[in-house]
$ cat final_28.txt   # compact mmCIF, C-alpha atoms
# COMPACT_ATOMS: atom_id res chain seq x y z
CA MET A 1 -164.22 5.26 73.76
CA ALA A 2 -163.93 5.44 70.01
CA ARG A 3 -161.01 7.84 70.36
CA GLU A 4 -159.22 5.53 72.79
CA ARG A 5 -159.64 2.65 70.37
CA MET A 6 -158.28 4.81 67.56
CA ILE A 7 -155.18 5.59 69.66
CA GLU A 8 -154.69 1.91 70.42
CA ILE A 9 -154.90 1.03 66.74
CA LEU A 10 -152.43 3.78 65.82
CA VAL A 11 -149.97 2.66 68.50
CA GLY A 12 -150.33 -0.90 67.22
CA ALA A 13 -149.55 0.31 63.70
CA PHE A 14 -146.59 2.27 65.08
CA MET A 15 -145.15 -0.78 66.81
CA ALA A 16 -145.72 -2.89 63.71
CA ALA A 17 -143.99 -0.29 61.54
CA GLY A 18 -141.07 -0.22 63.97
CA PHE A 19 -140.69 -3.96 63.81
CA VAL A 20 -141.01 -3.92 60.03
CA ALA A 21 -138.20 -1.35 59.92
CA LEU A 22 -136.02 -3.51 62.18
CA PHE A 23 -136.84 -6.54 60.05
CA PHE A 24 -135.92 -4.58 56.93
CA LEU A 25 -132.60 -3.57 58.49
CA ALA A 26 -131.92 -7.18 59.46
CA MET A 27 -132.88 -8.78 56.16
CA GLN A 28 -132.18 -6.23 53.48
CA VAL A 29 -129.43 -4.02 54.90
CA SER A 30 -127.37 -6.46 56.97
CA ASN A 31 -126.09 -9.91 56.17
CA LEU A 32 -128.73 -12.08 57.78
CA SER A 33 -130.72 -13.05 54.69
CA ALA A 34 -127.95 -14.28 52.44
CA SER A 35 -126.29 -16.56 55.00
CA GLY A 36 -128.96 -19.19 55.38
CA GLY A 37 -131.22 -18.55 52.41
CA GLY A 38 -131.87 -20.94 49.56
CA ASP A 39 -131.04 -24.52 48.81
CA VAL A 40 -127.31 -25.00 48.27
CA TYR A 41 -124.72 -27.73 47.95
CA ARG A 42 -121.17 -27.61 49.17
CA LEU A 43 -117.98 -27.85 47.09
CA THR A 44 -114.40 -27.44 48.20
CA ALA A 45 -111.48 -25.78 46.47
CA ARG A 46 -107.86 -25.63 47.62
CA PHE A 47 -105.77 -22.55 46.89
CA GLU A 48 -102.15 -21.73 47.56
CA ASN A 49 -103.16 -18.16 48.31
CA VAL A 50 -106.65 -16.72 48.69
CA GLY A 51 -105.52 -13.09 48.80
CA SER A 52 -108.23 -11.01 50.45
CA LEU A 53 -111.07 -13.39 49.63
CA LYS A 54 -113.67 -13.32 52.37
CA VAL A 55 -116.52 -15.44 53.63
CA ARG A 56 -119.66 -14.47 51.66
CA SER A 57 -117.66 -13.35 48.63
CA PRO A 58 -119.52 -14.24 45.44
CA VAL A 59 -118.82 -17.28 43.29
CA THR A 60 -119.53 -16.58 39.64
CA MET A 61 -119.68 -18.51 36.41
CA ALA A 62 -119.55 -16.54 33.17
CA GLY A 63 -120.10 -13.49 35.36
CA VAL A 64 -123.34 -14.79 36.85
CA ARG A 65 -123.42 -15.35 40.59
CA VAL A 66 -124.02 -19.04 41.28
CA GLY A 67 -123.06 -19.17 44.95
CA ARG A 68 -121.03 -17.75 47.79
CA VAL A 69 -117.92 -18.57 49.76
CA ALA A 70 -119.12 -20.30 52.93
CA ASP A 71 -115.92 -20.88 54.82
CA ILE A 72 -112.17 -20.36 54.53
CA ARG A 73 -109.78 -22.55 56.48
CA PHE A 74 -106.06 -23.25 56.61
CA ASP A 75 -104.83 -26.80 56.10
CA LYS A 76 -101.92 -27.43 58.47
CA SER A 77 -100.48 -30.38 56.58
CA THR A 78 -100.46 -29.01 53.03
CA TYR A 79 -100.15 -25.29 53.89
CA GLU A 80 -103.06 -24.54 51.62
CA ALA A 81 -106.22 -22.55 52.08
CA VAL A 82 -109.35 -24.71 51.98
CA VAL A 83 -112.31 -22.74 50.69
CA ALA A 84 -115.83 -24.14 51.03
CA LEU A 85 -118.27 -22.90 48.40
CA HIS A 86 -122.04 -22.96 48.67
CA ILE A 87 -123.42 -23.34 45.16
CA GLU A 88 -127.13 -22.91 44.56
CA ARG A 89 -129.01 -26.11 43.69
CA GLY A 90 -130.10 -24.70 40.35
CA PHE A 91 -126.52 -24.75 39.07
CA ASP A 92 -125.83 -28.47 39.43
CA THR A 93 -124.11 -29.08 36.11
CA ILE A 94 -120.58 -27.93 36.91
CA PRO A 95 -118.13 -30.31 35.13
CA ASP A 96 -115.54 -31.95 37.39
CA ASP A 97 -112.63 -30.45 35.44
CA THR A 98 -113.85 -26.90 36.05
CA PHE A 99 -111.17 -24.30 36.80
CA ALA A 100 -111.72 -22.26 40.00
CA SER A 101 -109.76 -19.01 40.01
CA ILE A 102 -109.70 -16.02 42.33
CA PHE A 103 -110.26 -12.74 40.49
CA THR A 104 -110.53 -9.12 41.55
CA ALA A 105 -113.50 -6.99 40.54
CA GLY A 106 -111.86 -3.81 39.27
CA LEU A 107 -108.57 -2.48 40.53
CA LEU A 108 -109.66 -1.86 44.10
CA GLY A 109 -112.73 -4.07 44.11
CA GLU A 110 -113.59 -7.14 46.06
CA GLN A 111 -112.15 -10.55 45.25
CA TYR A 112 -114.42 -13.31 44.03
CA ILE A 113 -114.14 -16.86 42.72
CA GLY A 114 -114.69 -17.32 39.01
CA LEU A 115 -115.50 -20.79 37.66
CA SER A 116 -114.48 -21.62 34.06
CA PRO A 117 -116.25 -24.83 33.06
CA GLY A 118 -114.28 -27.70 31.53
CA GLY A 119 -115.50 -30.26 29.02
CA SER A 120 -116.13 -33.29 31.21
CA ASP A 121 -119.47 -35.11 31.29
CA VAL A 122 -119.16 -35.83 35.00
CA TYR A 123 -120.63 -33.15 37.24
CA LEU A 124 -119.43 -32.07 40.66
CA ALA A 125 -121.76 -33.07 43.49
CA GLU A 126 -122.07 -32.32 47.22
CA GLY A 127 -118.72 -32.53 48.99
CA ASP A 128 -116.53 -32.74 45.86
CA THR A 129 -113.30 -30.83 45.41
CA PHE A 130 -112.15 -28.78 42.43
CA MET A 131 -109.13 -30.36 40.76
CA HIS A 132 -107.83 -27.23 39.12
CA THR A 133 -107.48 -23.96 40.97
CA GLN A 134 -105.63 -20.74 40.44
CA SER A 135 -104.58 -18.57 43.36
CA ALA A 136 -105.26 -14.91 43.86
CA ILE A 137 -102.93 -12.61 41.99
CA VAL A 138 -100.98 -10.56 44.49
CA LEU A 139 -100.18 -7.23 42.92
CA GLU A 140 -96.85 -6.78 44.73
CA GLN A 141 -95.61 -10.15 43.50
CA MET A 142 -96.52 -9.31 39.93
CA ILE A 143 -94.78 -5.96 40.08
CA GLY A 144 -91.77 -7.69 41.66
CA GLN A 145 -91.60 -10.23 38.86
CA PHE A 146 -91.99 -7.52 36.25
CA LEU A 147 -89.13 -5.48 37.72
CA PHE A 148 -86.97 -8.59 37.95
CA LYS A 149 -87.59 -9.37 34.31
CA LYS A 150 -86.81 -5.82 33.25
CA ALA A 151 -83.57 -5.94 35.21
CA GLU A 152 -82.57 -9.19 33.48
CA GLU A 153 -83.32 -7.67 30.10
CA GLY A 154 -81.11 -4.72 31.03
CA PHE A 155 -78.12 -7.07 31.56
CA GLU A 156 -78.16 -8.48 28.06
CA MET B 1 -108.80 49.42 107.38
CA ALA B 2 -112.50 49.66 106.54
CA LYS B 3 -111.66 49.25 102.88
CA GLU B 4 -109.83 46.00 103.53
CA VAL B 5 -112.78 44.55 105.42
CA GLY B 6 -115.03 45.54 102.49
CA THR B 7 -112.96 43.63 99.90
CA ALA B 8 -112.65 40.61 102.18
CA SER B 9 -116.42 40.35 102.64
CA ALA B 10 -116.97 40.83 98.88
CA MET B 11 -114.62 37.93 98.21
CA LEU B 12 -116.40 35.80 100.77
CA ASN B 13 -119.72 36.65 99.11
CA ALA B 14 -118.38 35.57 95.72
CA LEU B 15 -117.12 32.33 97.25
CA ALA B 16 -120.49 31.71 98.86
CA ARG B 17 -122.26 32.29 95.52
CA LEU B 18 -119.96 29.76 93.88
CA GLY B 19 -120.61 27.27 96.66
CA ARG B 20 -124.37 27.79 96.37
CA THR B 21 -124.25 27.17 92.62
CA GLY B 22 -122.31 23.98 93.12
CA LEU B 23 -124.62 22.75 95.86
CA ASN B 24 -127.68 23.56 93.73
CA ALA B 25 -126.25 21.61 90.81
CA LEU B 26 -125.51 18.63 93.06
CA GLU B 27 -128.97 18.81 94.60
CA ARG B 28 -130.57 18.85 91.16
CA LEU B 29 -128.47 15.87 90.13
CA GLY B 30 -129.55 14.02 93.26
CA ARG B 31 -133.23 14.88 92.70
CA GLY B 32 -132.90 13.71 89.11
CA HIS B 33 -131.56 10.34 90.15
CA LEU B 34 -134.18 9.94 92.87
CA LEU B 35 -136.85 10.67 90.29
CA PHE B 36 -135.27 8.10 87.94
CA VAL B 37 -135.37 5.43 90.64
CA SER B 38 -138.96 6.17 91.60
CA MET B 39 -140.02 6.11 87.92
CA ILE B 40 -138.44 2.67 87.50
CA ALA B 41 -140.05 1.56 90.75
CA GLY B 42 -143.41 2.69 89.38
CA ALA B 43 -143.16 0.16 86.53
CA ALA B 44 -145.16 -2.38 88.54
CA SER B 45 -148.13 -0.03 88.87
CA LEU B 46 -147.93 0.54 85.11
CA ALA B 47 -148.63 -3.14 84.47
CA ALA B 48 -152.02 -2.64 86.15
CA ARG B 49 -152.97 0.19 83.77
CA PRO B 50 -151.39 -0.56 80.38
CA ASN B 51 -153.63 1.92 78.55
CA LEU B 52 -151.65 4.78 80.15
CA LEU B 53 -148.56 3.42 78.41
CA VAL B 54 -150.46 3.13 75.12
CA THR B 55 -151.56 6.77 75.30
CA GLN B 56 -148.05 7.99 76.01
CA THR B 57 -146.53 5.82 73.29
CA TYR B 58 -149.02 7.51 70.99
CA ASN B 59 -148.00 10.99 72.16
CA ILE B 60 -144.27 10.40 71.97
CA GLY B 61 -143.99 7.78 69.24
CA VAL B 62 -146.85 7.93 66.77
CA LEU B 63 -146.95 11.72 66.63
CA SER B 64 -143.18 11.79 65.90
CA VAL B 65 -143.36 9.32 63.02
CA LEU B 66 -143.88 11.92 60.33
CA ILE B 67 -140.97 14.19 61.25
CA VAL B 68 -138.67 11.20 61.82
CA THR B 69 -139.42 9.43 58.55
CA VAL B 70 -139.31 12.58 56.44
CA SER B 71 -135.98 13.59 58.01
CA GLY B 72 -134.69 10.05 57.51
CA LEU B 73 -135.61 10.11 53.85
CA PHE B 74 -133.81 13.39 53.24
CA VAL B 75 -130.76 12.47 55.31
CA GLY B 76 -130.46 9.24 53.34
CA MET B 77 -130.77 11.07 50.04
CA VAL B 78 -128.14 13.65 51.02
CA LEU B 79 -125.80 10.86 52.13
CA GLY B 80 -126.35 9.28 48.72
CA LEU B 81 -125.44 12.47 46.87
CA GLN B 82 -122.44 13.40 49.00
CA GLY B 83 -121.16 9.83 49.26
CA PHE B 84 -121.35 9.45 45.50
CA TYR B 85 -119.27 12.59 45.03
CA VAL B 86 -116.46 11.29 47.25
CA LEU B 87 -116.60 7.63 46.21
CA SER B 88 -116.65 8.41 42.48
CA GLN B 89 -113.22 9.99 42.89
CA PHE B 90 -111.91 6.56 43.84
CA GLY B 91 -114.00 4.68 41.31
CA ALA B 92 -115.80 2.93 44.14
CA GLU B 93 -119.38 4.14 43.55
CA GLU B 94 -120.66 0.62 44.20
CA SER B 95 -119.76 1.01 47.87
CA LEU B 96 -122.32 3.80 48.24
CA GLY B 97 -124.80 1.36 49.78
CA VAL B 98 -122.32 0.42 52.51
CA MET B 99 -121.52 4.03 53.26
CA VAL B 100 -125.15 5.14 53.47
CA ALA B 101 -126.29 2.15 55.53
CA ALA B 102 -123.31 2.13 57.89
CA SER B 103 -123.57 5.82 58.73
CA LEU B 104 -127.34 5.56 59.16
CA VAL B 105 -127.50 2.40 61.24
CA ARG B 106 -124.51 3.16 63.43
CA GLU B 107 -124.70 6.90 63.96
CA LEU B 108 -127.25 9.08 62.26
CA GLY B 109 -130.28 6.91 62.91
CA PRO B 110 -130.03 6.85 66.71
CA VAL B 111 -128.53 10.34 67.10
CA VAL B 112 -130.70 12.38 64.75
CA THR B 113 -133.83 10.56 65.93
CA ALA B 114 -132.92 11.34 69.54
CA LEU B 115 -132.38 15.02 68.69
CA LEU B 116 -135.67 15.18 66.80
CA VAL B 117 -137.57 13.46 69.60
CA ALA B 118 -135.97 15.79 72.17
CA GLY B 119 -137.24 18.75 70.15
CA ARG B 120 -140.60 17.34 69.17
CA ALA B 121 -141.67 15.26 72.19
CA GLY B 122 -139.20 16.12 74.97
CA SER B 123 -140.06 19.81 75.01
CA ALA B 124 -143.77 18.96 74.99
CA LEU B 125 -143.32 16.64 77.98
CA THR B 126 -141.48 19.30 79.96
CA ALA B 127 -144.05 21.99 79.17
CA GLU B 128 -146.94 19.67 80.02
CA ILE B 129 -145.57 18.56 83.37
CA GLY B 130 -144.22 22.01 84.24
CA LEU B 131 -147.65 23.48 83.60
CA MET B 132 -149.28 20.72 85.65
CA LYS B 133 -147.00 21.74 88.48
CA ALA B 134 -147.62 25.47 87.98
CA THR B 135 -151.39 24.98 88.01
CA GLU B 136 -151.06 22.72 91.06
CA GLN B 137 -152.50 19.68 89.35
CA LEU B 138 -149.67 17.54 90.68
CA SER B 139 -150.37 18.72 94.22
CA GLY B 140 -154.06 18.02 93.57
CA LEU B 141 -153.23 14.43 92.68
CA GLU B 142 -151.20 14.09 95.85
CA MET B 143 -154.13 15.44 97.87
CA MET B 144 -156.25 12.65 96.41
CA ALA B 145 -153.57 10.15 97.51
CA VAL B 146 -152.53 9.47 93.92
CA ASP B 147 -148.78 9.37 93.44
CA PRO B 148 -148.09 11.81 90.56
CA ILE B 149 -144.83 10.03 89.71
CA LYS B 150 -146.59 6.72 89.21
CA ARG B 151 -149.66 8.19 87.51
CA ILE B 152 -148.08 10.91 85.34
CA LEU B 153 -144.32 10.42 84.97
CA THR B 154 -143.81 6.65 84.78
CA PRO B 155 -146.11 6.06 81.77
CA ARG B 156 -144.42 8.90 79.88
CA PHE B 157 -140.98 7.55 80.72
CA PHE B 158 -141.73 4.05 79.49
CA GLY B 159 -143.60 5.41 76.48
CA GLY B 160 -140.38 7.20 75.49
CA LEU B 161 -138.35 4.02 76.05
CA VAL B 162 -140.62 2.04 73.73
CA ALA B 163 -140.89 4.73 71.09
CA MET B 164 -137.25 5.70 70.60
CA PRO B 165 -135.77 2.43 69.22
CA MET B 166 -138.79 2.05 66.93
CA LEU B 167 -138.39 5.57 65.60
CA ALA B 168 -134.64 5.11 65.11
CA ALA B 169 -135.21 1.88 63.17
CA MET B 170 -137.74 3.65 60.95
CA PHE B 171 -135.30 6.51 60.41
CA SER B 172 -132.53 4.13 59.32
CA ALA B 173 -134.79 2.02 57.11
CA VAL B 174 -136.33 5.01 55.35
CA GLY B 175 -132.87 6.59 55.05
CA ALA B 176 -131.48 3.46 53.38
CA LEU B 177 -134.36 3.65 50.90
CA GLY B 178 -133.62 7.34 50.34
CA GLY B 179 -129.99 6.52 49.60
CA TYR B 180 -131.22 3.81 47.24
CA PHE B 181 -133.49 6.23 45.34
CA VAL B 182 -130.66 8.71 44.84
CA GLY B 183 -127.88 6.17 44.23
CA VAL B 184 -129.70 3.77 41.94
CA GLY B 185 -132.50 5.92 40.59
CA LEU B 186 -130.71 9.20 40.08
CA LEU B 187 -126.99 8.45 39.81
CA GLY B 188 -127.22 5.11 38.01
CA ILE B 189 -125.40 2.78 40.41
CA ASP B 190 -126.12 -0.89 39.77
CA ASP B 191 -129.12 -2.07 41.76
CA GLY B 192 -127.61 -5.43 42.76
CA ALA B 193 -124.21 -4.04 43.71
CA PHE B 194 -125.82 -1.41 45.93
CA TRP B 195 -127.67 -3.99 48.06
CA SER B 196 -125.15 -6.83 47.91
CA GLN B 197 -122.20 -4.67 48.99
CA MET B 198 -124.38 -3.30 51.76
CA GLN B 199 -125.35 -6.78 52.91
CA ASN B 200 -121.75 -7.93 52.69
CA LYS B 201 -120.38 -5.24 54.94
CA ILE B 202 -123.17 -4.46 57.41
CA ASP B 203 -123.26 -6.97 60.22
CA LEU B 204 -126.48 -7.68 62.10
CA HIS B 205 -124.89 -7.85 65.54
CA GLU B 206 -122.02 -5.43 65.12
CA ASP B 207 -123.97 -2.66 63.40
CA VAL B 208 -127.74 -3.09 63.64
CA TYR B 209 -127.99 -4.35 67.23
CA ASN B 210 -125.52 -1.78 68.50
CA GLY B 211 -127.58 0.93 66.80
CA VAL B 212 -130.69 -0.33 68.58
CA ILE B 213 -128.85 -0.33 71.92
CA LYS B 214 -127.73 3.23 71.28
CA SER B 215 -131.24 4.43 70.49
CA PHE B 216 -132.54 2.71 73.62
CA VAL B 217 -129.98 4.53 75.78
CA PHE B 218 -130.87 7.81 74.09
CA GLY B 219 -134.54 7.08 74.74
CA VAL B 220 -133.82 6.73 78.46
CA VAL B 221 -131.74 9.89 78.59
CA VAL B 222 -134.00 12.15 76.54
CA THR B 223 -137.25 11.24 78.31
CA TRP B 224 -135.57 11.29 81.69
CA ILE B 225 -134.19 14.81 81.16
CA ALA B 226 -137.51 16.05 79.76
CA LEU B 227 -139.52 14.64 82.66
CA PHE B 228 -137.11 15.81 85.32
CA GLU B 229 -136.94 19.35 83.95
CA GLY B 230 -140.74 19.51 83.94
CA TYR B 231 -141.07 18.03 87.42
CA ASP B 232 -138.35 20.27 88.81
CA ALA B 233 -139.44 23.47 87.05
CA MET B 234 -140.21 26.65 88.94
CA PRO B 235 -144.01 26.76 89.04
CA THR B 236 -144.24 30.00 87.08
CA SER B 237 -144.58 30.75 83.39
CA VAL B 238 -140.94 31.89 83.27
CA GLY B 239 -139.87 28.72 85.08
CA VAL B 240 -141.70 26.49 82.60
CA SER B 241 -140.25 28.32 79.62
CA ARG B 242 -136.73 28.02 81.04
CA ALA B 243 -137.23 24.34 81.81
CA THR B 244 -138.38 23.69 78.23
CA THR B 245 -135.30 25.40 76.83
CA ARG B 246 -133.07 23.45 79.19
CA THR B 247 -134.68 20.19 78.12
CA VAL B 248 -133.77 20.69 74.47
CA VAL B 249 -130.27 21.99 75.20
CA HIS B 250 -129.37 19.38 77.81
CA SER B 251 -130.85 16.50 75.84
CA ALA B 252 -128.91 17.47 72.73
CA LEU B 253 -125.65 17.77 74.70
CA ALA B 254 -126.25 14.52 76.57
CA VAL B 255 -127.09 12.63 73.38
CA LEU B 256 -124.02 13.86 71.53
CA CYS B 257 -121.61 13.22 74.42
CA LEU B 258 -123.09 9.80 75.16
CA ASP B 259 -122.90 8.95 71.48
CA PHE B 260 -119.15 9.47 71.58
CA VAL B 261 -118.80 7.29 74.67
CA LEU B 262 -121.03 4.53 73.28
CA THR B 263 -119.26 4.59 69.90
CA ALA B 264 -115.89 4.31 71.62
CA LEU B 265 -117.15 1.37 73.69
CA MET B 266 -118.89 -0.44 70.83
CA PHE B 267 -116.75 0.13 67.79
CA GLY B 268 -113.39 1.04 69.32
CA GLU B 269 -110.84 -1.74 69.31
$ encode --input "final_28.txt" --output "structure tokens"
Amino acid sequence: MARERMIEILVGAFMAAGFVALFFLAMQVSNLSASGGGDVYRLTARFENVGSLKVRSPVTMAGVRVGRVADIRFDKSTYEAVVALHIERGFDTIPDDTFASIFTAGLLGEQYIGLSPGGSDVYLAEGDTFMHTQSAIVLEQMIGQFLFKKAEEGFE
Amino acid sequence: MAKEVGTASAMLNALARLGRTGLNALERLGRGHLLFVSMIAGAASLAARPNLLVTQTYNIGVLSVLIVTVSGLFVGMVLGLQGFYVLSQFGAEESLGVMVAASLVRELGPVVTALLVAGRAGSALTAEIGLMKATEQLSGLEMMAVDPIKRILTPRFFGGLVAMPMLAAMFSAVGALGGYFVGVGLLGIDDGAFWSQMQNKIDLHEDVYNGVIKSFVFGVVVTWIALFEGYDAMPTSVGVSRATTRTVVHSALAVLCLDFVLTALMFGE
């Protein structure tokens, strides 16, 4: 009887360990935890071009992650990309003249939104929109412009 | 004239041998499927005696935990080392977490676990049931009006079904930790980047759930093959030894072929 009970306990521990492993895979390895977690407020930024920015890309301020991209949409009337940002509640002192720009981490890295704070005393709150934005830098365009410039210089 | 008749009958004999082999294979396939159906049908009787299922989950699952977790740890660590070597050539070491987790959750977790379980538990099942048949214990049960499929095979089958996804999840989780130890602890990748890139790229439904489905299918196939080989073994010591070998070989082949099919279905465009 004692042996049977021992086996039952071990099987129970086995099942629990299996579920813990699945839970670990869900929370720590995959993207479940970061989507709903924490208290956030929503800001909007409009960009001419978001490059390869993706939902769940980080939003940073002075290099510190303060939130994530929640949603990217296309505005039919203005032909702009509308990016919704979820900023953590702790970072609620973002001035309303803050510059939102899309940067690339390293040469091949992921794109993220960098916020450069302005000097205003008024802070952005839930639902507000960034006034100043800078689009993603598309490498081909830059090379194109550079070549164009060089060619013009060659004429003179 | 006599010589011609001799060659003709030799050819006919060869043809008959070929036909017999084919018929035997088909018969075995049919017996296997019949056994599968009667094992599923026995599920109702299992509900009346759940402790049979507990014992078999112990035999197949709990006793395989050590080999599965240790293998998972080392596979994860090797993935960390090899992945770092390749990724550092592109300056993308931070993506190591994605690489380790994706290969573990999608492929290596279910497949290697299934191969390990086929070797560790599948062969044991075949030998046990083959020996029960050889020593006429199964016939003894039948004499006592106990259905050996319901009493012996069904609990083992469902024990395997329960154990395999659990073991595969443990393999993947421990492997991810192994990759973390090597990547962050040994090779100096940033802790946050390792996990955040992993979380960014690994999708719960696309990757984790599909891995669980895979391991479930492998659980069905591996235990089914093991049980059938044991139940269908020649009741001699040679027969049992052959059946055990066949279990490991056929399970490994079935798992690897099915993995290709499942991957094509799940992740192919």
$ interface_residues --input "final_28.txt" --of "chain A" --to "chain B" --cutoff "8 Å" --atoms "only C-alpha atoms" --output "VMD selection string"
chain A and resid 7 to 8 10 to 11 14 to 15 17 to 19 21 to 22 24 to 26 28 to 32 34 56 to 57 108 to 109
$ atom_distance --input "final_28.txt" --atom1 "CA of Asp75 (chain A)" --atom2 "CA of Gly118 (chain A)"
26.3 Å
$ atom_distance --input "final_28.txt" --atom1 "CA of Ala124 (chain B)" --atom2 "CA of Asn210 (chain B)"
28.4 Å
$ atom_distance --input "final_28.txt" --atom1 "CA of Leu85 (chain A)" --atom2 "CA of Val59 (chain A)"
7.6 Å
$ residues_around --input "final_28.txt" --residues "Ala45 (chain A)" --least-positions-apart "6" --cutoff "10 Å" --atoms "only C-alpha atoms" --output "JSON, numbers by chain"
{"A": [72, 80, 81, 82, 83, 84, 85, 99, 100, 101, 128, 129, 130, 131, 132, 133, 134]}
$ residues_around --input "final_28.txt" --residues "Leu153 (chain B)" --least-positions-apart "6" --cutoff "12 Å" --atoms "only C-alpha atoms" --output "mmCIF file with C-alpha atoms, in the frame of the given file"
data_model
loop_
_atom_site.group_PDB
_atom_site.id
_atom_site.type_symbol
_atom_site.label_atom_id
_atom_site.label_comp_id
_atom_site.auth_asym_id
_atom_site.auth_seq_id
_atom_site.Cartn_x
_atom_site.Cartn_y
_atom_site.Cartn_z
ATOM 1 C CA LEU B 35 -136.850 10.670 90.290
ATOM 2 C CA PHE B 36 -135.270 8.100 87.940
ATOM 3 C CA VAL B 37 -135.370 5.430 90.640
ATOM 4 C CA SER B 38 -138.960 6.170 91.600
ATOM 5 C CA MET B 39 -140.020 6.110 87.920
ATOM 6 C CA ILE B 40 -138.440 2.670 87.500
ATOM 7 C CA ALA B 41 -140.050 1.560 90.750
ATOM 8 C CA GLY B 42 -143.410 2.690 89.380
ATOM 9 C CA ALA B 43 -143.160 0.160 86.530
ATOM 10 C CA SER B 45 -148.130 -0.030 88.870
ATOM 11 C CA LEU B 46 -147.930 0.540 85.110
ATOM 12 C CA LEU B 52 -151.650 4.780 80.150
ATOM 13 C CA LEU B 53 -148.560 3.420 78.410
ATOM 14 C CA GLN B 56 -148.050 7.990 76.010
ATOM 15 C CA LEU B 125 -143.320 16.640 77.980
ATOM 16 C CA THR B 126 -141.480 19.300 79.960
ATOM 17 C CA GLU B 128 -146.940 19.670 80.020
ATOM 18 C CA ILE B 129 -145.570 18.560 83.370
ATOM 19 C CA GLY B 130 -144.220 22.010 84.240
ATOM 20 C CA MET B 132 -149.280 20.720 85.650
ATOM 21 C CA LEU B 138 -149.670 17.540 90.680
ATOM 22 C CA ASP B 147 -148.780 9.370 93.440
ATOM 23 C CA GLY B 159 -143.600 5.410 76.480
ATOM 24 C CA GLY B 160 -140.380 7.200 75.490
ATOM 25 C CA THR B 223 -137.250 11.240 78.310
ATOM 26 C CA TRP B 224 -135.570 11.290 81.690
ATOM 27 C CA ILE B 225 -134.190 14.810 81.160
ATOM 28 C CA ALA B 226 -137.510 16.050 79.760
ATOM 29 C CA LEU B 227 -139.520 14.640 82.660
ATOM 30 C CA PHE B 228 -137.110 15.810 85.320
ATOM 31 C CA GLU B 229 -136.940 19.350 83.950
ATOM 32 C CA GLY B 230 -140.740 19.510 83.940
ATOM 33 C CA TYR B 231 -141.070 18.030 87.420
#
$ closest_residue --input "final_28.txt" --among "A:Gly63, A:Gly51, A:Gly12, A:Gly154" --to "Ile137 (chain A)" --atoms "all atoms listed in the file"
A:Gly51
$ closest_residue --input "final_28.txt" --among "B:Leu141, B:Leu23, B:Val78, B:Ala16" --to "Leu104 (chain B)" --atoms "only C-alpha atoms"
B:Val78
$ residues_around --input "final_28.txt" --residues "Val64 (chain A)" --least-positions-apart "5" --cutoff "10 Å" --atoms "all atoms listed in the file" --output "list in words"
Pro58, Val59, Gly114 and Leu115 of chain A
$ closest_residue --input "final_28.txt" --among "A:Phe23, A:Val55, A:Asp92, A:Ala105" --to "Tyr123 (chain A)" --atoms "all atoms listed in the file"
A:Asp92
$ closest_residue --input "final_28.txt" --among "A:Met6, A:Ala125, A:Leu53, A:Ala13" --to "Arg73 (chain A)" --atoms "all atoms listed in the file"
A:Leu53
$ closest_residue --input "final_28.txt" --among "A:Ser116, A:Ser77, A:Ser135, A:Thr104" --to "Asn49 (chain A)" --atoms "all atoms listed in the file"
A:Ser135
$ closest_residue --input "final_28.txt" --among "B:Val70, B:Leu131, B:Ala25, B:Phe194" --to "Val238 (chain B)" --atoms "all atoms listed in the file"
B:Leu131
